[in-house]
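Report on the structure given below.
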Amino acid sequence: MSDARPETRRSHPVRRILGAMVMSLILFATLWALVFSAATAALTAAGAGVFVTVAGTAWDVVDAVLQAVADAIAAVFGAIASIFD
């Protein structure tokens, strides 16, 4: 018999929000390390994250990009989890 596990995927909006959060975290770290203070970098990253999330609900192109980023992030976390499994 095959090992059939039920597929448990997050819903579409949750994946999009998590993808935007990870992108905002990367933007924050980059801005803080290279250019701005922590407060300025946090405000910029938060604004960018909100903008990308709202734009993803209104525009299909941004939604497709966010979904691709969320899938890539899930794949990376899945690979890391399979190493420790």
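Within each chain, counting starts at residue 1; across the structure tokens, chains are named A, B, ... in the order shown, with ligands numbered 1 upward in that order.
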
If you run DSSP on the backbone, which residues of chain A are helix (DSSP H, G or I), as a ChimeraX atom specification?
/A:12-34,38-58,60-84

Can you pull out every residue within 9 Å of region 40-50 of chain A, counting only C-alpha atoms, but drop anything in the same chain fewer than 5 positions away, and send it as a PyMOL selection string?
chain A and resi 17+20-32+35+55
